[in-house]
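J.: Quick one: the structure is below, and I'll ask about it shortly.
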Amino acid sequence: WYRWGRRALDRGDETSAFEWLNKSLNREPAEGATQAALAEALAKSGDRNQALELAQSAVKGSASLPRVEQLRIAAFEAELDYRLPDAMAKWQAVSELDPGDAGSALRLASVQIAAGESKAADTTLAAIDQLLPAIVDPSRIALLRARLATSRGDQRERLAQAELAGNEAKSDAQRIAAWIEQAWSQALIGEGKAAEALLSRLDQALAEMSETPLALRRDLLRATLRREAAAFDEAIALFDLVATRATEHGERAIAANARREAGFVLALAGRHKEALARLVPLVDEHDALGDPRELASTLDVAGLAQQRAGAMKEAQAYGERSLALYVAAGYRLGEAAARNHLGMAFARSGRFADARPHWHVGLGAFEDTGIRS
């Protein structure tokens with residue numbers, strides 16, 4: 001039963017996975033490997049809170065398993081709990097103990113990307129390329145390369161890898177994830193109509209998956225497109241709805257990102273005090289979540305809100321911290337945005353000599369990433 005459940009989970013069939021894994025768990029309630037697999041199924045279906053509880057139980061029940069299995073379970077639990085350095089260390093250990101395990105290597109690359117370790121993720125993906133094609137899922141690799149391109153702000157490469165992932169997809173979940181990546185990149189390079197068309201396809205595909213992380217990411221995109229259309233009230237309401245639903249399901253990173261984006265729209269709408277009331281507390285929250293790019297984005301947006309509220313010293317402090325994080329992470333798109341905002345803050349303070357270099361470098365970074373600037 002466990003093996004059948006594991007196979008169903010690997011091919012993206014969560015319904016069958018739940019059926020077989022629950023049967024297995026009913027027979028052996030304390031079996032750590034089964035608990036971990038069921039936790040993974042719960043996370044994919046949108047219940048991260050329950051998934052984390054079960055994963056923590058799996059860690060406690062894994063003492064009798066081989067060391068490599070204990071590490072796999074502990075790595076997954078650390079991922080669910082947003083302890084990214086811990087998760088990276090454990091997935092790295094799994095890869096060293098079992099270098100032919102493509103699945104664990106892919107998990108390592110995924111966590112490295114989330115933690116802003118782009119060079120390490122490149123190295124991991126290069127090692128996966130050396131494995132036998134029969135044990136490597138080309139769609140998962142392409143999706144990771146799309147995320148890696150996103151981490152560098154290269155939207156053209158993101159789109160190319162997302163299209164490849166969609167063509168190679170072996171499950172509905174993989175195909176939907178690829179479409180979401182495609183739509184995001186299309187929106188960012190100015191192909192709004194193409195993004196809207198993909199949204200319609202996503203709505204149909206996600207009709208029965210309304211509370212999954214994939215659906216939440218789709219809704220973040222929809223809210224972003226409303227923002228780009230200057231429908232600010234509608235965008236804020238959509239971002240707030242995503243934040244509420246994500247919080248209910250334990251998706252803390254998605255919830256924090258949605259709240260930040262709502263704050264950004266408030267700043268664009270001239271509601272600076274409301275924006276800052278939301279954004280300033282998010283700095284510590286994003287810091288705790290462990291993704292330097294998301295922390296940098298929150299600092300950048302908070303700096304923009306401070307700037308529009310006339311608090312130039314605070315705006316410059318936030319902007320400089322944001323820029324340093326983006327540069328360290330190698331995220332060119334974020335660097336471009338931070339330099340643009342920081343240049344405006346300096347210019348509004350009369351420091352034009354400080355503003356011009358940021359604008360000059362920022363424009364080049366926008367051009368490098370393929371974003372309409």
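Residues in the structure tokens are numbered from 1 in each chain, the chains being A, B, ... in the order shown, and ligands are numbered from 1 in the order shown.
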Distance table requested - region 210-286 of chain A against region 291-311 of chain A, cut-off 10 Å, only C-alpha atoms: one row per qualifying residue with the closest atom pair and its distance in Å to one decimal, ordered by chain and rising residue number, as a tab-separated table.

T.:
```
residue	atom	partner	partner_atom	distance
A:Ala253	CA	A:Glu294	CA	8.9
A:Ala256	CA	A:Glu294	CA	9.2
A:Asn257	CA	A:Glu294	CA	7.5
A:Arg259	CA	A:Thr298	CA	9.8
A:Arg260	CA	A:Thr298	CA	6.3
A:Glu261	CA	A:Val301	CA	8.5
A:Gly263	CA	A:Val301	CA	7.9
A:Phe264	CA	A:Val301	CA	6.0
A:Val265	CA	A:Val301	CA	9.7
A:Leu266	CA	A:Ala305	CA	8.6
A:Ala267	CA	A:Ala305	CA	5.4
A:Leu268	CA	A:Ala305	CA	8.2
A:Gly270	CA	A:Arg308	CA	7.7
A:Arg271	CA	A:Ala305	CA	8.8
A:His272	CA	A:Ala309	CA	5.7
A:Lys273	CA	A:Ala309	CA	7.5
A:Glu274	CA	A:Ala305	CA	9.5
A:Ala275	CA	A:Ala305	CA	6.6
A:Leu276	CA	A:Ala305	CA	6.4
A:Ala277	CA	A:Ala302	CA	9.7
A:Arg278	CA	A:Ala302	CA	9.0
A:Leu279	CA	A:Ala302	CA	5.7
A:Val280	CA	A:Ala302	CA	6.6
A:Pro281	CA	A:Thr298	CA	9.9
A:Leu282	CA	A:Thr298	CA	7.1
A:Val283	CA	A:Thr298	CA	6.2
A:Asp284	CA	A:Leu295	CA	8.4
A:Glu285	CA	A:Leu295	CA	8.5
A:His286	CA	A:Leu295	CA	5.1
```

J.: Pull the closest atom pair for each residue of region 288-342 of chain A that gets at most 12 Å from region 68-82 of chain A, along with the distance in Å to one decimal, counting only C-alpha atoms, ordering rows by chain and then ascending residue number, as CSV.

T.:
```
residue,atom,partner,partner_atom,distance
A:Ala288,CA,A:Tyr82,CA,8.3
A:Leu289,CA,A:Tyr82,CA,5.8
A:Gly290,CA,A:Tyr82,CA,7.0
A:Asp291,CA,A:Tyr82,CA,9.2
```

J.: Report as number ranges by chain all protein, DNA and RNA residues lying within 8 Å of region 180-188 of chain A, evaluated on only C-alpha atoms, omitting residues in the same chain fewer than 3 positions from it.

T.: A: 146, 155-156, 158-159, 162-163, 176-177, 191-192, 194-196, 198-199, 202, 214, 217-218, 221, 225, 371-372

J.: Please write the residues from the selection above to a file, keeping N, CA, C and O atoms, as an mmCIF file, in the first residue's frame.

T.:
```cif
data_model
loop_
_atom_site.group_PDB
_atom_site.id
_atom_site.type_symbol
_atom_site.label_atom_id
_atom_site.label_comp_id
_atom_site.auth_asym_id
_atom_site.auth_seq_id
_atom_site.Cartn_x
_atom_site.Cartn_y
_atom_site.Cartn_z
ATOM 1 N N ALA A 146 13.317 27.247 -14.468
ATOM 2 C CA ALA A 146 12.476 28.447 -14.588
ATOM 3 C C ALA A 146 12.543 29.265 -13.302
ATOM 4 O O ALA A 146 12.651 30.494 -13.326
ATOM 5 N N GLN A 155 13.529 36.916 -17.278
ATOM 6 C CA GLN A 155 12.169 36.490 -17.593
ATOM 7 C C GLN A 155 12.075 35.744 -18.931
ATOM 8 O O GLN A 155 11.219 34.870 -19.091
ATOM 9 N N ARG A 156 12.951 36.058 -19.870
ATOM 10 C CA ARG A 156 12.935 35.339 -21.151
ATOM 11 C C ARG A 156 13.327 33.881 -20.937
ATOM 12 O O ARG A 156 12.703 32.969 -21.485
ATOM 13 N N ARG A 158 13.101 32.304 -18.096
ATOM 14 C CA ARG A 158 12.007 31.734 -17.304
ATOM 15 C C ARG A 158 10.890 31.234 -18.210
ATOM 16 O O ARG A 158 10.384 30.118 -18.025
ATOM 17 N N LEU A 159 10.523 32.044 -19.189
ATOM 18 C CA LEU A 159 9.448 31.662 -20.111
ATOM 19 C C LEU A 159 9.841 30.440 -20.930
ATOM 20 O O LEU A 159 9.045 29.509 -21.101
ATOM 21 N N ALA A 162 9.755 27.386 -18.701
ATOM 22 C CA ALA A 162 8.367 27.055 -18.348
ATOM 23 C C ALA A 162 7.648 26.381 -19.507
ATOM 24 O O ALA A 162 6.868 25.441 -19.315
ATOM 25 N N GLU A 163 7.889 26.856 -20.717
ATOM 26 C CA GLU A 163 7.275 26.219 -21.890
ATOM 27 C C GLU A 163 7.787 24.792 -22.055
ATOM 28 O O GLU A 163 7.022 23.879 -22.378
ATOM 29 N N ILE A 176 0.070 22.594 -14.797
ATOM 30 C CA ILE A 176 -0.465 23.820 -14.204
ATOM 31 C C ILE A 176 0.664 24.690 -13.666
ATOM 32 O O ILE A 176 0.679 25.910 -13.870
ATOM 33 N N ALA A 177 1.625 24.053 -12.995
ATOM 34 C CA ALA A 177 2.769 24.814 -12.474
ATOM 35 C C ALA A 177 3.530 25.488 -13.607
ATOM 36 O O ALA A 177 3.977 26.638 -13.482
ATOM 37 N N GLU A 191 3.511 41.099 -21.955
ATOM 38 C CA GLU A 191 2.563 40.349 -22.790
ATOM 39 C C GLU A 191 1.314 40.040 -21.964
ATOM 40 O O GLU A 191 0.985 38.875 -21.687
ATOM 41 N N GLY A 192 0.611 41.104 -21.576
ATOM 42 C CA GLY A 192 -0.539 40.966 -20.686
ATOM 43 C C GLY A 192 -1.664 40.128 -21.260
ATOM 44 O O GLY A 192 -2.295 39.346 -20.539
ATOM 45 N N ALA A 194 -1.478 37.659 -23.389
ATOM 46 C CA ALA A 194 -1.108 36.244 -23.347
ATOM 47 C C ALA A 194 -1.249 35.703 -21.927
ATOM 48 O O ALA A 194 -1.701 34.564 -21.723
ATOM 49 N N ALA A 195 -0.872 36.517 -20.942
ATOM 50 C CA ALA A 195 -1.008 36.101 -19.545
ATOM 51 C C ALA A 195 -2.474 35.913 -19.176
ATOM 52 O O ALA A 195 -2.841 34.945 -18.486
ATOM 53 N N GLU A 196 -3.323 36.822 -19.622
ATOM 54 C CA GLU A 196 -4.758 36.713 -19.337
ATOM 55 C C GLU A 196 -5.345 35.450 -19.975
ATOM 56 O O GLU A 196 -6.196 34.769 -19.379
ATOM 57 N N LEU A 198 -3.779 32.649 -20.575
ATOM 58 C CA LEU A 198 -3.354 31.505 -19.770
ATOM 59 C C LEU A 198 -4.123 31.429 -18.461
ATOM 60 O O LEU A 198 -4.407 30.335 -17.954
ATOM 61 N N LEU A 199 -4.478 32.578 -17.907
ATOM 62 C CA LEU A 199 -5.272 32.591 -16.680
ATOM 63 C C LEU A 199 -6.611 31.876 -16.889
ATOM 64 O O LEU A 199 -7.088 31.156 -16.014
ATOM 65 N N LEU A 202 -5.973 28.301 -16.772
ATOM 66 C CA LEU A 202 -5.685 27.911 -15.392
ATOM 67 C C LEU A 202 -6.955 27.799 -14.565
ATOM 68 O O LEU A 202 -7.091 26.902 -13.727
ATOM 69 N N LEU A 214 -0.854 26.006 -5.813
ATOM 70 C CA LEU A 214 -0.908 26.416 -7.220
ATOM 71 C C LEU A 214 -2.036 27.411 -7.453
ATOM 72 O O LEU A 214 -1.859 28.412 -8.158
ATOM 73 N N ARG A 217 -1.083 30.793 -6.061
ATOM 74 C CA ARG A 217 -0.141 31.502 -6.930
ATOM 75 C C ARG A 217 -0.861 32.076 -8.154
ATOM 76 O O ARG A 217 -0.542 33.168 -8.626
ATOM 77 N N ARG A 218 -1.821 31.328 -8.673
ATOM 78 C CA ARG A 218 -2.643 31.846 -9.778
ATOM 79 C C ARG A 218 -3.365 33.121 -9.368
ATOM 80 O O ARG A 218 -3.429 34.105 -10.117
ATOM 81 N N LEU A 221 -1.200 36.166 -9.222
ATOM 82 C CA LEU A 221 -1.003 36.709 -10.572
ATOM 83 C C LEU A 221 -2.211 37.528 -11.002
ATOM 84 O O LEU A 221 -2.063 38.631 -11.548
ATOM 85 N N LEU A 225 -2.198 41.505 -12.073
ATOM 86 C CA LEU A 225 -2.697 42.054 -13.337
ATOM 87 C C LEU A 225 -3.743 43.140 -13.096
ATOM 88 O O LEU A 225 -3.808 44.123 -13.850
ATOM 89 N N ILE A 371 12.804 43.024 -19.006
ATOM 90 C CA ILE A 371 11.599 43.634 -18.453
ATOM 91 C C ILE A 371 11.376 44.986 -19.102
ATOM 92 O O ILE A 371 12.322 45.746 -19.342
ATOM 93 N N ARG A 372 10.134 45.314 -19.390
ATOM 94 C CA ARG A 372 9.787 46.655 -19.871
ATOM 95 C C ARG A 372 10.112 47.635 -18.758
ATOM 96 O O ARG A 372 9.688 47.475 -17.616
#
```

J.: Which value, in Å to one decimal, gives the distance between CA of Ala165 (chain A) and CA of Ala142 (chain A)?

T.: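 Distance reported for this atom pair: 5.0 Å.
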
J.: Which residue out of A:Trp4, A:Arg339, A:Asp10, A:Val111 has the minimum interatomic distance to Lys23 (chain A) when only C-alpha atoms are used?

T.: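 Residue with the minimum atom-to-atom distance to Lys23 (chain A): A:Trp4.
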
J.: Using only C-alpha atoms, find the one residue out of A:Leu108, A:Ala347, A:Asp101, A:Glu314 that sits nearest to Ala89 (chain A).

T.: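 The shortest atom-to-atom distance to Ala89 (chain A) comes from A:Leu108.
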